[in-house]
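**Student:** PDB, C-alpha atoms, saved as work-v1.pdb, coming up:
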ATOM      1  CA  MET A 293       0.000   0.000   0.000
ATOM      2  CA  ASN A 294       2.860   2.402   0.700
ATOM      3  CA  GLU A 295       3.852   2.356  -2.968
ATOM      4  CA  LEU A 296       0.369   3.216  -4.338
ATOM      5  CA  GLN A 297      -0.186   6.694  -5.784
ATOM      6  CA  PHE A 298      -3.741   8.057  -5.657
ATOM      7  CA  HIS A 299      -5.747  11.134  -4.614
ATOM      8  CA  ARG A 300      -7.485  11.305  -1.211
ATOM      9  CA  HIS A 301     -10.811  12.875  -2.240
ATOM     10  CA  ARG A 302     -12.498  11.637   0.931
ATOM     11  CA  ARG A 303     -10.523  14.137   3.009
ATOM     12  CA  LEU A 304     -13.156  16.777   2.167
ATOM     13  CA  ARG A 305     -16.129  14.580   3.129
ATOM     14  CA  GLY A 306     -15.308  13.768   6.736
ATOM     15  CA  SER A 307     -18.088  15.738   8.498
ATOM     16  CA  ASP A 308     -21.226  17.739   7.847
ATOM     17  CA  SER A 309     -19.383  20.986   8.525
ATOM     18  CA  LEU A 310     -16.526  20.131   6.211
ATOM     19  CA  ARG A 311     -18.870  19.016   3.443
ATOM     20  CA  SER A 312     -20.841  22.254   3.705
ATOM     21  CA  MET A 313     -17.621  24.302   3.492
ATOM     22  CA  VAL A 314     -16.773  22.874   0.059
ATOM     23  CA  ARG A 315     -20.308  22.470  -1.306
ATOM     24  CA  GLU A 316     -20.523  23.817  -4.852
ATOM     25  CA  THR A 317     -24.294  24.097  -5.312
ATOM     26  CA  TRP A 318     -26.792  25.580  -2.878
ATOM     27  CA  LEU A 319     -30.580  25.806  -2.785
ATOM     28  CA  ARG A 320     -32.346  28.845  -1.321
ATOM     29  CA  PRO A 321     -36.048  29.727  -1.021
ATOM     30  CA  GLU A 322     -35.261  32.746  -3.219
ATOM     31  CA  ASP A 323     -34.476  30.318  -6.045
ATOM     32  CA  PHE A 324     -38.067  29.062  -6.213
ATOM     33  CA  ILE A 325     -41.073  30.309  -8.172
ATOM     34  CA  TYR A 326     -44.281  28.829  -6.761
ATOM     35  CA  PRO A 327     -47.151  28.025  -9.166
ATOM     36  CA  LEU A 328     -50.676  29.089  -8.163
ATOM     37  CA  PHE A 329     -53.855  27.834  -9.852
ATOM     38  CA  VAL A 330     -56.450  30.568  -9.424
ATOM     39  CA  VAL A 331     -60.093  29.726 -10.128
ATOM     40  CA  GLU A 332     -63.291  31.715 -10.309
ATOM     41  CA  GLY A 333     -65.749  31.448  -7.431
ATOM     42  CA  GLU A 334     -65.600  31.847  -3.668
ATOM     43  CA  ASN A 335     -64.275  29.830  -0.724
ATOM     44  CA  ILE A 336     -62.521  27.358  -3.009
ATOM     45  CA  HIS A 337     -59.462  25.540  -1.716
ATOM     46  CA  ARG A 338     -59.706  22.239  -3.579
ATOM     47  CA  GLU A 339     -56.852  19.768  -3.898
ATOM     48  CA  VAL A 340     -55.928  18.686  -7.420
ATOM     49  CA  PRO A 341     -56.549  14.899  -7.455
ATOM     50  CA  SER A 342     -53.347  14.013  -9.312
ATOM     51  CA  MET A 343     -51.170  16.523  -7.411
ATOM     52  CA  PRO A 344     -51.330  16.001  -3.635
ATOM     53  CA  GLY A 345     -50.629  19.256  -1.816
ATOM     54  CA  VAL A 346     -51.496  21.463  -4.812
ATOM     55  CA  PHE A 347     -54.796  23.332  -4.756
ATOM     56  CA  HIS A 348     -57.248  25.285  -6.854
ATOM     57  CA  VAL A 349     -57.670  28.559  -4.978
ATOM     58  CA  SER A 350     -60.302  31.251  -5.462
ATOM     59  CA  LEU A 351     -59.437  34.940  -5.221
ATOM     60  CA  ASP A 352     -60.502  35.148  -1.589
ATOM     61  CA  GLY A 353     -57.816  32.610  -0.682
ATOM     62  CA  VAL A 354     -54.970  33.909  -2.826
ATOM     63  CA  MET A 355     -53.464  36.128  -0.135
ATOM     64  CA  ASP A 356     -53.271  33.218   2.304
ATOM     65  CA  GLU A 357     -51.005  31.503  -0.227
ATOM     66  CA  ILE A 358     -48.969  34.654  -0.798
ATOM     67  CA  ASN A 359     -48.526  35.297   2.918
ATOM     68  CA  GLU A 360     -47.322  31.742   3.455
ATOM     69  CA  CYS A 361     -44.832  32.090   0.620
ATOM     70  CA  GLN A 362     -43.496  35.314   2.102
ATOM     71  CA  LEU A 363     -43.031  33.755   5.521
ATOM     72  CA  LEU A 364     -41.018  30.974   3.899
ATOM     73  CA  GLY A 365     -38.794  33.383   1.972
ATOM     74  CA  ILE A 366     -40.262  32.653  -1.474
ATOM     75  CA  LYS A 367     -40.041  35.816  -3.565
ATOM     76  CA  SER A 368     -42.066  34.921  -6.648
ATOM     77  CA  VAL A 369     -45.207  33.132  -7.834
ATOM     78  CA  ILE A 370     -46.392  32.197 -11.321
ATOM     79  CA  LEU A 371     -50.129  32.478 -11.925
ATOM     80  CA  PHE A 372     -52.243  30.044 -13.937
ATOM     81  CA  GLY A 373     -55.893  30.914 -14.440
ATOM     82  CA  VAL A 374     -58.771  28.438 -14.635
ATOM     83  CA  PRO A 375     -61.797  30.328 -16.013
ATOM     84  CA  LYS A 376     -65.437  29.310 -15.854
ATOM     85  CA  GLU A 377     -66.089  30.195 -19.479
ATOM     86  CA  LYS A 378     -64.029  29.176 -22.509
ATOM     87  CA  ASP A 379     -64.330  29.945 -26.227
ATOM     88  CA  ALA A 380     -62.537  29.271 -29.512
ATOM     89  CA  VAL A 381     -60.100  32.175 -29.142
ATOM     90  CA  GLY A 382     -59.508  32.078 -25.385
ATOM     91  CA  SER A 383     -60.870  35.566 -24.820
ATOM     92  CA  GLN A 384     -60.734  35.262 -21.019
ATOM     93  CA  ALA A 385     -56.938  35.138 -21.292
ATOM     94  CA  TYR A 386     -56.858  38.827 -22.265
ATOM     95  CA  ALA A 387     -60.047  40.051 -20.591
ATOM     96  CA  GLU A 388     -59.567  42.999 -18.238
ATOM     97  CA  GLU A 389     -61.446  41.072 -15.545
ATOM     98  CA  GLY A 390     -59.848  37.734 -16.379
ATOM     99  CA  ILE A 391     -58.972  35.602 -13.399
ATOM    100  CA  VAL A 392     -55.192  36.100 -13.740
ATOM    101  CA  GLN A 393     -55.639  39.844 -14.145
ATOM    102  CA  GLN A 394     -57.781  40.012 -11.012
ATOM    103  CA  ALA A 395     -55.327  37.899  -9.013
ATOM    104  CA  THR A 396     -52.402  40.008 -10.192
ATOM    105  CA  ARG A 397     -54.034  43.267  -9.130
ATOM    106  CA  LEU A 398     -54.873  41.781  -5.734
ATOM    107  CA  ILE A 399     -51.349  40.520  -5.063
ATOM    108  CA  LYS A 400     -49.655  43.703  -6.203
ATOM    109  CA  LYS A 401     -51.978  45.741  -3.978
ATOM    110  CA  GLU A 402     -51.577  43.616  -0.849
ATOM    111  CA  ALA A 403     -47.990  42.379  -1.304
ATOM    112  CA  PRO A 404     -46.276  44.676  -3.813
ATOM    113  CA  GLU A 405     -42.847  43.176  -3.138
ATOM    114  CA  MET A 406     -43.986  39.714  -4.333
ATOM    115  CA  VAL A 407     -42.835  39.158  -7.914
ATOM    116  CA  VAL A 408     -45.824  38.086 -10.021
ATOM    117  CA  VAL A 409     -45.064  36.037 -13.131
ATOM    118  CA  ALA A 410     -48.040  35.710 -15.485
ATOM    119  CA  ASP A 411     -48.201  32.561 -17.578
ATOM    120  CA  THR A 412     -49.139  33.752 -21.058
ATOM    121  CA  CYS A 413     -50.905  31.049 -23.020
ATOM    122  CA  LEU A 414     -54.369  30.307 -24.366
ATOM    123  CA  CYS A 415     -54.838  26.589 -23.681
ATOM    124  CA  GLN A 416     -56.608  27.016 -20.326
ATOM    125  CA  TYR A 417     -58.997  29.483 -21.941
ATOM    126  CA  THR A 418     -59.886  27.804 -25.255
ATOM    127  CA  ASP A 419     -62.762  25.347 -25.571
ATOM    128  CA  HIS A 420     -60.564  23.113 -27.763
ATOM    129  CA  GLY A 421     -57.622  23.088 -25.323
ATOM    130  CA  HIS A 422     -54.969  24.092 -27.831
ATOM    131  CA  CYS A 423     -52.578  27.016 -27.452
ATOM    132  CA  GLY A 424     -53.766  29.038 -30.436
ATOM    133  CA  VAL A 425     -56.280  29.821 -33.143
ATOM    134  CA  ILE A 426     -57.692  26.739 -34.867
ATOM    135  CA  GLU A 427     -58.602  26.482 -38.540
ATOM    136  CA  GLY A 428     -59.223  23.213 -40.337
ATOM    137  CA  GLY A 429     -58.041  21.268 -37.321
ATOM    138  CA  LYS A 430     -54.645  23.018 -37.301
ATOM    139  CA  VAL A 431     -53.140  25.569 -34.922
ATOM    140  CA  LEU A 432     -52.375  28.735 -36.877
ATOM    141  CA  ASN A 433     -49.132  30.409 -35.894
ATOM    142  CA  ASP A 434     -49.397  34.073 -36.928
ATOM    143  CA  PRO A 435     -53.012  34.799 -35.925
ATOM    144  CA  THR A 436     -52.158  33.306 -32.518
ATOM    145  CA  LEU A 437     -49.307  35.797 -32.074
ATOM    146  CA  ASP A 438     -51.769  38.688 -32.069
ATOM    147  CA  LEU A 439     -53.767  37.117 -29.230
ATOM    148  CA  LEU A 440     -50.643  36.318 -27.227
ATOM    149  CA  ALA A 441     -49.430  39.906 -27.470
ATOM    150  CA  LYS A 442     -52.890  41.101 -26.450
ATOM    151  CA  THR A 443     -52.823  38.761 -23.443
ATOM    152  CA  ALA A 444     -49.355  39.913 -22.391
ATOM    153  CA  VAL A 445     -50.343  43.573 -22.535
ATOM    154  CA  SER A 446     -53.476  42.932 -20.445
ATOM    155  CA  GLN A 447     -51.376  41.111 -17.836
ATOM    156  CA  ALA A 448     -48.821  43.908 -17.737
ATOM    157  CA  LYS A 449     -51.607  46.479 -17.317
ATOM    158  CA  ALA A 450     -52.854  44.466 -14.326
ATOM    159  CA  GLY A 451     -49.412  44.770 -12.746
ATOM    160  CA  ALA A 452     -47.581  41.569 -13.704
ATOM    161  CA  ASP A 453     -43.851  41.946 -13.086
ATOM    162  CA  ILE A 454     -42.831  39.292 -15.629
ATOM    163  CA  ILE A 455     -44.581  37.857 -18.692
ATOM    164  CA  ALA A 456     -43.992  34.121 -19.235
ATOM    165  CA  PRO A 457     -45.250  32.954 -22.650
ATOM    166  CA  SER A 458     -45.559  29.166 -22.830
ATOM    167  CA  ASN A 459     -47.252  28.567 -26.190
ATOM    168  CA  MET A 460     -44.300  27.634 -28.451
ATOM    169  CA  MET A 461     -45.523  29.525 -31.495
ATOM    170  CA  ASP A 462     -42.727  30.687 -33.787
ATOM    171  CA  GLY A 463     -41.973  34.361 -33.158
ATOM    172  CA  PHE A 464     -43.918  34.602 -29.899
ATOM    173  CA  VAL A 465     -41.167  36.482 -28.052
ATOM    174  CA  ALA A 466     -40.808  39.033 -30.855
ATOM    175  CA  ALA A 467     -44.572  39.560 -31.040
ATOM    176  CA  ILE A 468     -44.966  39.968 -27.271
ATOM    177  CA  ARG A 469     -41.932  42.249 -26.974
ATOM    178  CA  PHE A 470     -43.326  44.458 -29.739
ATOM    179  CA  GLY A 471     -46.760  44.510 -28.125
ATOM    180  CA  LEU A 472     -45.414  45.359 -24.672
ATOM    181  CA  ASP A 473     -43.157  48.098 -25.987
ATOM    182  CA  GLU A 474     -45.895  49.604 -28.124
ATOM    183  CA  ALA A 475     -48.153  49.737 -25.044
ATOM    184  CA  GLY A 476     -45.431  51.454 -23.004
ATOM    185  CA  PHE A 477     -44.281  48.436 -20.979
ATOM    186  CA  HIS A 478     -40.626  48.633 -21.990
ATOM    187  CA  GLY A 479     -39.508  47.610 -18.508
ATOM    188  CA  VAL A 480     -41.547  44.395 -18.240
ATOM    189  CA  PRO A 481     -39.273  41.384 -18.895
ATOM    190  CA  ILE A 482     -40.176  38.216 -20.783
ATOM    191  CA  MET A 483     -39.476  34.848 -19.166
ATOM    192  CA  SER A 484     -39.726  32.722 -22.278
ATOM    193  CA  TYR A 485     -40.599  29.045 -22.304
ATOM    194  CA  ALA A 486     -37.748  28.869 -24.786
ATOM    195  CA  VAL A 487     -37.288  25.089 -24.743
ATOM    196  CA  LYS A 488     -40.570  23.286 -24.181
ATOM    197  CA  TYR A 489     -40.823  19.637 -25.117
ATOM    198  CA  SER A 490     -43.962  17.730 -26.043
ATOM    199  CA  SER A 491     -43.648  15.699 -22.874
ATOM    200  CA  SER A 492     -45.619  12.951 -21.174
ATOM    201  CA  PHE A 493     -44.774  14.582 -17.825
ATOM    202  CA  TYR A 494     -47.497  17.249 -18.194
ATOM    203  CA  GLY A 495     -50.504  15.067 -17.410
ATOM    204  CA  PRO A 496     -51.224  16.222 -13.838
ATOM    205  CA  PHE A 497     -50.898  19.888 -14.872
ATOM    206  CA  ARG A 498     -53.607  19.422 -17.461
ATOM    207  CA  ASP A 499     -55.757  18.026 -14.678
ATOM    208  CA  ALA A 500     -55.024  21.128 -12.613
ATOM    209  CA  ALA A 501     -55.420  23.675 -15.428
ATOM    210  CA  HIS A 502     -58.293  21.902 -17.210
ATOM    211  CA  SER A 503     -56.281  22.309 -20.408
ATOM    212  CA  SER A 504     -56.200  18.920 -22.134
ATOM    213  CA  PRO A 505     -56.556  19.177 -25.936
ATOM    214  CA  GLN A 506     -60.014  18.130 -27.119
ATOM    215  CA  PHE A 507     -58.499  16.651 -30.283
ATOM    216  CA  GLY A 508     -55.043  15.665 -31.448
ATOM    217  CA  ASP A 509     -51.949  16.650 -29.496
ATOM    218  CA  ARG A 510     -49.405  19.465 -29.291
ATOM    219  CA  LYS A 511     -46.573  17.811 -31.175
ATOM    220  CA  THR A 512     -46.785  20.250 -34.090
ATOM    221  CA  TYR A 513     -45.693  23.137 -31.877
ATOM    222  CA  GLN A 514     -43.988  21.634 -28.817
ATOM    223  CA  MET A 515     -40.605  19.968 -29.320
ATOM    224  CA  ASP A 516     -39.719  16.333 -30.004
ATOM    225  CA  PRO A 517     -38.099  14.915 -26.828
ATOM    226  CA  ALA A 518     -35.435  13.241 -28.980
ATOM    227  CA  ASN A 519     -34.013  16.533 -30.258
ATOM    228  CA  ARG A 520     -31.063  18.379 -28.735
ATOM    229  CA  LEU A 521     -29.832  20.784 -31.421
ATOM    230  CA  GLU A 522     -33.366  22.008 -32.015
ATOM    231  CA  ALA A 523     -33.469  23.166 -28.394
ATOM    232  CA  LEU A 524     -30.394  25.301 -28.954
ATOM    233  CA  ARG A 525     -31.941  26.844 -32.065
ATOM    234  CA  GLU A 526     -35.122  27.625 -30.125
ATOM    235  CA  ALA A 527     -33.164  29.294 -27.335
ATOM    236  CA  ASP A 528     -31.064  31.267 -29.833
ATOM    237  CA  SER A 529     -34.211  32.585 -31.521
ATOM    238  CA  ASP A 530     -35.744  33.740 -28.247
ATOM    239  CA  VAL A 531     -32.555  35.514 -27.191
ATOM    240  CA  ASN A 532     -32.430  37.305 -30.544
ATOM    241  CA  GLU A 533     -36.110  38.272 -30.232
ATOM    242  CA  GLY A 534     -35.619  39.907 -26.841
ATOM    243  CA  ALA A 535     -36.195  37.304 -24.122
ATOM    244  CA  ASP A 536     -34.894  38.154 -20.648
ATOM    245  CA  PHE A 537     -35.051  34.638 -19.104
ATOM    246  CA  LEU A 538     -34.948  31.188 -20.745
ATOM    247  CA  ILE A 539     -37.100  28.364 -19.371
ATOM    248  CA  VAL A 540     -36.292  24.699 -20.016
ATOM    249  CA  LYS A 541     -39.362  22.482 -19.576
ATOM    250  CA  PRO A 542     -39.498  19.754 -18.302
ATOM    251  CA  ALA A 543     -36.425  19.903 -16.092
ATOM    252  CA  LEU A 544     -35.509  16.483 -14.747
ATOM    253  CA  SER A 545     -35.321  14.520 -18.001
ATOM    254  CA  TYR A 546     -33.647  17.433 -19.792
ATOM    255  CA  LEU A 547     -30.798  18.397 -17.471
ATOM    256  CA  ASP A 548     -28.367  17.929 -20.363
ATOM    257  CA  ILE A 549     -30.294  20.497 -22.410
ATOM    258  CA  MET A 550     -30.354  22.908 -19.471
ATOM    259  CA  ARG A 551     -26.591  22.721 -19.109
ATOM    260  CA  GLU A 552     -26.071  23.386 -22.811
ATOM    261  CA  VAL A 553     -28.447  26.347 -22.790
ATOM    262  CA  LYS A 554     -26.667  27.776 -19.737
ATOM    263  CA  ASP A 555     -23.235  27.324 -21.302
ATOM    264  CA  ARG A 556     -24.399  28.944 -24.544
ATOM    265  CA  HIS A 557     -26.204  32.008 -23.179
ATOM    266  CA  THR A 558     -25.688  34.540 -20.398
ATOM    267  CA  LEU A 559     -29.379  35.086 -19.627
ATOM    268  CA  PRO A 560     -30.844  33.598 -16.419
ATOM    269  CA  VAL A 561     -32.016  30.021 -16.987
ATOM    270  CA  VAL A 562     -35.194  28.756 -15.328
ATOM    271  CA  ALA A 563     -35.945  25.072 -14.753
ATOM    272  CA  TYR A 564     -39.605  24.057 -14.783
ATOM    273  CA  ASN A 565     -39.937  21.128 -12.383
ATOM    274  CA  VAL A 566     -43.178  19.929 -13.959
ATOM    275  CA  SER A 567     -46.279  18.244 -12.562
ATOM    276  CA  GLY A 568     -45.416  14.687 -13.572
ATOM    277  CA  GLU A 569     -42.047  14.947 -11.840
ATOM    278  CA  TYR A 570     -43.843  16.234  -8.745
ATOM    279  CA  SER A 571     -46.604  13.606  -8.711
ATOM    280  CA  MET A 572     -44.271  10.646  -9.192
ATOM    281  CA  ILE A 573     -42.358  11.594  -6.072
ATOM    282  CA  LYS A 574     -45.567  12.169  -4.113
ATOM    283  CA  ALA A 575     -46.891   8.743  -5.140
ATOM    284  CA  ALA A 576     -43.650   6.975  -4.254
ATOM    285  CA  ALA A 577     -43.459   8.766  -0.907
ATOM    286  CA  ALA A 578     -47.076   7.891  -0.086
ATOM    287  CA  ASN A 579     -46.154   4.238  -0.575
ATOM    288  CA  GLY A 580     -43.098   4.516   1.649
ATOM    289  CA  TRP A 581     -40.730   3.693  -1.203
ATOM    290  CA  ILE A 582     -38.480   6.762  -0.880
ATOM    291  CA  ASN A 583     -37.361   9.366   1.625
ATOM    292  CA  GLU A 584     -39.459  12.253   0.293
ATOM    293  CA  GLN A 585     -37.424  15.129   1.719
ATOM    294  CA  GLU A 586     -34.075  13.762   0.613
ATOM    295  CA  VAL A 587     -35.292  12.920  -2.897
ATOM    296  CA  ILE A 588     -36.940  16.312  -3.447
ATOM    297  CA  LEU A 589     -33.923  18.294  -2.292
ATOM    298  CA  GLU A 590     -31.588  16.105  -4.343
ATOM    299  CA  LYS A 591     -33.769  16.594  -7.411
ATOM    300  CA  LEU A 592     -33.909  20.379  -7.023
ATOM    301  CA  THR A 593     -30.164  20.523  -6.393
ATOM    302  CA  SER A 594     -29.564  18.634  -9.633
ATOM    303  CA  MET A 595     -31.402  21.374 -11.513
ATOM    304  CA  LYS A 596     -29.291  24.104  -9.944
ATOM    305  CA  ARG A 597     -26.151  22.088 -10.662
ATOM    306  CA  ALA A 598     -27.202  21.688 -14.307
ATOM    307  CA  GLY A 599     -27.353  25.462 -14.689
ATOM    308  CA  ALA A 600     -30.724  26.672 -13.438
ATOM    309  CA  ASP A 601     -30.683  30.058 -11.764
ATOM    310  CA  LEU A 602     -34.353  29.734 -10.764
ATOM    311  CA  ILE A 603     -36.747  26.798 -10.441
ATOM    312  CA  ILE A 604     -40.492  26.808 -10.998
ATOM    313  CA  THR A 605     -41.597  24.052  -8.654
ATOM    314  CA  TYR A 606     -44.679  22.790  -6.807
ATOM    315  CA  HIS A 607     -42.269  21.716  -4.065
ATOM    316  CA  ALA A 608     -41.350  25.339  -3.293
ATOM    317  CA  LYS A 609     -43.117  25.625   0.043
ATOM    318  CA  GLU A 610     -42.082  22.289   1.511
ATOM    319  CA  ALA A 611     -38.523  22.617   0.223
ATOM    320  CA  SER A 612     -38.260  26.104   1.741
ATOM    321  CA  ARG A 613     -39.404  24.761   5.126
ATOM    322  CA  TRP A 614     -36.767  22.034   5.022
ATOM    323  CA  LEU A 615     -34.030  24.455   3.986
ATOM    324  CA  LYS A 616     -34.883  26.775   6.858
ATOM    325  CA  ASP A 617     -34.591  23.849   9.298
ATOM    326  CA  GLN A 618     -31.156  22.828   8.073
TER     327      GLN A 618
END
For this file, produce the structure as structure tokens.

**Tutor:**
Amino acid sequence: MNELQFHRHRRLRGSDSLRSMVRETWLRPEDFIYPLFVVEGENIHREVPSMPGVFHVSLDGVMDEINECQLLGIKSVILFGVPKEKDAVGSQAYAEEGIVQQATRLIKKEAPEMVVVADTCLCQYTDHGHCGVIEGGKVLNDPTLDLLAKTAVSQAKAGADIIAPSNMMDGFVAAIRFGLDEAGFHGVPIMSYAVKYSSSFYGPFRDAAHSSPQFGDRKTYQMDPANRLEALREADSDVNEGADFLIVKPALSYLDIMREVKDRHTLPVVAYNVSGEYSMIKAAAANGWINEQEVILEKLTSMKRAGADLIITYHAKEASRWLKDQ
């Protein structure tokens, strides 16, 4: 043994204190963006069946959620609206009294320091469940851009701090940037769903947002999970069109893509820890198959390590509690 030559890497792992001194990646509550599903009605606090711990909340309960987030150190929420009425063009997405617009005004009045991110898409608001204008069974790109820009402007007027378009139409960042600037909202940033795959991990979200397509699928506008270079082209386009953040969605199965996007661009990268990733862990934990806390924190750490500056996650509140206790 005296003649062997090798490195003693274990020297830096000998205790909790020593390991924390050399830790390269850290999670903080400030890293998290918590999703809220806001519904029309009163006294609604209804758990989403496929997402234990995630709730539909009516306007009268929104501030309870916001106050809890603030106590935990969470600085930002992303709002998803679930309207009562839907139509072919998703008009409630850009209505002045739309549910997201109402929730935004409420939060900015009662908790102005909370950063409100408005999800900008049409699928929750259309009666067909697709993210754009339909003609002949197809989603039309350019007519959809007009509605997305209109939605973004209405959300900015309501007080949204960040616009987050998730539709994956070609040119959506350019159209929204033009619309915001033309309306005088030069200072409102765009958190683009730059890389959004047509993923099987979205199922529970569609349960929560009531946004399942009524025909076909979204493969003609969301990305093929097998493609890597296409993701880089998508991110490049959004940067050139004026995006201020780049989202990679889903996160866990696409950590390689996240790292490449981060290495390629200097904009903040946002991981979307999606509903299927959340629900799988909840199901396994309910069966006693995993240590829930350890698995969740390991998963979120992997996203930061892969390059995420921020993480949209349904685990935000519980993870923040655990981090505060450490």

**Student:** Care to translate the PyMOL selection byres ((chain A and resi 472-479) around 8) into actual residues of this file, as a ChimeraX atom specification?

**Tutor:** /A:441,444-445,448,468-471,480-481

**Student:** Run through the PyMOL selection byres ((chain A and resi 574-591) around 10) on the given coordinates and return the selected residues as a PyMOL selection string.

**Tutor:** chain A and resi 319+342-345+543-544+565+568-573+592-597+607+610-612+614-615

**Student:** Could you expand the PyMOL selection byres ((chain A and resi 522-539) around 8) into the explicit residues it covers here, written as a list in words?

**Tutor:**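 Applying the PyMOL selection byres ((chain A and resi 522-539) around 8) to the structure shown produces Gly463, Val465, Ala466, Arg469, Pro481, Ile482, Met483, Ser484, Tyr485, Ala486, Val487, Lys488, Met515, Asn519, Arg520, Leu521, Val540, Lys541, Ile549, Glu552, Val553, Leu559, Pro560, Val561, Val562, Ala563 and Tyr564 of chain A.
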
**Student:** When you draw a straight line from CA of Gly451 (chain A) to CA of Thr396 (chain A), how long is it in Å?

**Tutor:**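 The value is 6.2 Å.
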
**Student:** In Å, with one decimal, what is the gap from CA of Asp308 (chain A) to CA of Lys616 (chain A)?

**Tutor:**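 CA of Asp308 (chain A) sits 16.4 Å away from CA of Lys616 (chain A).
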
**Student:** Which of these residues is nearest to Lys400 (chain A), using all atoms listed in the file: A:Met460, A:Val369, A:Ala452, A:Leu547?

**Tutor:**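 Once distances to Lys400 (chain A) are computed over all atoms listed in the file, the minimum belongs to A:Ala452.
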
**Student:** What is the CA of Val431 (chain A) to CA of Met461 (chain A) distance in Å?

**Tutor:** 9.2 Å

**Student:** As a list in words, please: the residues near Val330 (chain A) (cut-off 10 Å, all atoms listed in the file, same-chain neighbours under 6 positions excluded).

**Tutor:**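 Returned residues: Ile336, His337, Phe347, His348, Val349, Ser350, Leu351, Asp352, Gly353, Val354, Leu371, Phe372, Gly373, Val374, Pro375, Ile391, Val392, Gln394, Ala395 and Ala501 of chain A.
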
**Student:** Give me a file of those residues, with C-alpha atoms, as a PDB file, keeping the file's coordinate frame.

**Tutor:**
ATOM      1  CA  ILE A 336     -62.521  27.358  -3.009  1.00  0.00           C
ATOM      2  CA  HIS A 337     -59.462  25.540  -1.716  1.00  0.00           C
ATOM      3  CA  PHE A 347     -54.796  23.332  -4.756  1.00  0.00           C
ATOM      4  CA  HIS A 348     -57.248  25.285  -6.854  1.00  0.00           C
ATOM      5  CA  VAL A 349     -57.670  28.559  -4.978  1.00  0.00           C
ATOM      6  CA  SER A 350     -60.302  31.251  -5.462  1.00  0.00           C
ATOM      7  CA  LEU A 351     -59.437  34.940  -5.221  1.00  0.00           C
ATOM      8  CA  ASP A 352     -60.502  35.148  -1.589  1.00  0.00           C
ATOM      9  CA  GLY A 353     -57.816  32.610  -0.682  1.00  0.00           C
ATOM     10  CA  VAL A 354     -54.970  33.909  -2.826  1.00  0.00           C
ATOM     11  CA  LEU A 371     -50.129  32.478 -11.925  1.00  0.00           C
ATOM     12  CA  PHE A 372     -52.243  30.044 -13.937  1.00  0.00           C
ATOM     13  CA  GLY A 373     -55.893  30.914 -14.440  1.00  0.00           C
ATOM     14  CA  VAL A 374     -58.771  28.438 -14.635  1.00  0.00           C
ATOM     15  CA  PRO A 375     -61.797  30.328 -16.013  1.00  0.00           C
ATOM     16  CA  ILE A 391     -58.972  35.602 -13.399  1.00  0.00           C
ATOM     17  CA  VAL A 392     -55.192  36.100 -13.740  1.00  0.00           C
ATOM     18  CA  GLN A 394     -57.781  40.012 -11.012  1.00  0.00           C
ATOM     19  CA  ALA A 395     -55.327  37.899  -9.013  1.00  0.00           C
ATOM     20  CA  ALA A 501     -55.420  23.675 -15.428  1.00  0.00           C
TER      21      ALA A 501
END

**Student:** Point out the residue among A:Ala450, A:Gly390, A:Glu322, A:Arg338 with the least atom-to-atom distance to Leu364 (chain A), counting all atoms listed in the file.

**Tutor:** A:Glu322

**Student:** Compare A:Ala518, A:Glu339, A:Arg556, A:Met355 by their minimum atom-to-atom distance to Lys401 (chain A), counting all atoms listed in the file, and give me the closest one.

**Tutor:** A:Met355

**Student:** Pick out the closest residue to Glu389 (chain A) from this set: A:Thr443, A:Asn359, A:Thr412, A:Thr558. Count all atoms listed in the file.

**Tutor:** A:Thr443

**Student:** Can you build me a table of region 313-399 of chain A residues sitting at most 8 Å from region 413-428 of chain A, with the closest atom pair per residue and its distance in Å to one decimal, using all atoms listed in the file, sorted by chain and residue number, as a Markdown table?

**Tutor:**
| residue | atom | partner | partner_atom | distance |
| --- | --- | --- | --- | --- |
| A:Gly373 | CA | A:Gln416 | CA | 7.1 |
| A:Val374 | CA | A:Gln416 | CA | 6.3 |
| A:Pro375 | CA | A:Tyr417 | CA | 6.6 |
| A:Glu377 | CA | A:Tyr417 | CA | 7.5 |
| A:Lys378 | CA | A:Asp419 | CA | 5.1 |
| A:Asp379 | CA | A:Asp419 | CA | 4.9 |
| A:Ala380 | CA | A:Thr418 | CA | 5.2 |
| A:Val381 | CA | A:Thr418 | CA | 5.9 |
| A:Gly382 | CA | A:Thr418 | CA | 4.3 |
| A:Ser383 | CA | A:Tyr417 | CA | 7.0 |
| A:Gln384 | CA | A:Tyr417 | CA | 6.1 |
| A:Ala385 | CA | A:Tyr417 | CA | 6.1 |

**Student:** At a cut-off of 10 Å from (-33.1, 30.7, -4.8) in the coordinates of the file, what residues are picked up using only C-alpha atoms, written as a list in words?

**Tutor:**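 Those residues, ordered by chain and then number, are Trp318, Leu319, Arg320, Pro321, Glu322, Asp323, Phe324, Ile325, Gly365, Ile366, Lys367, Lys596, Ala600, Asp601, Leu602, Ile603, Ala608 and Ser612 of chain A.
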
**Student:** Of the candidates A:Asp462, A:Glu388, A:Asp453, A:Glu332, which shows the shortest atom-to-atom distance to Leu432 (chain A), using only C-alpha atoms?

**Tutor:**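 Among the listed residues, A:Asp462 lies closest to Leu432 (chain A).
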
**Student:** Closest to Ile454 (chain A) among A:Thr436, A:Ser490, A:Pro517, A:Ile370, using only C-alpha atoms?

**Tutor:**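 Checking each of A:Thr436, A:Ser490, A:Pro517, A:Ile370 against Ile454 (chain A), counting only C-alpha atoms, the winner is A:Ile370.
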
**Student:** Around region 411-424 of chain A, fit a box with edges along x, y and z, padding it by 8 Å on each side, then list its centre and edge lengths in Å to one decimal as lines of an AutoDock Vina configuration file.

**Tutor:**
center_x = -55.5
center_y = 28.4
center_z = -24.0
size_x = 30.6
size_y = 26.7
size_z = 28.9
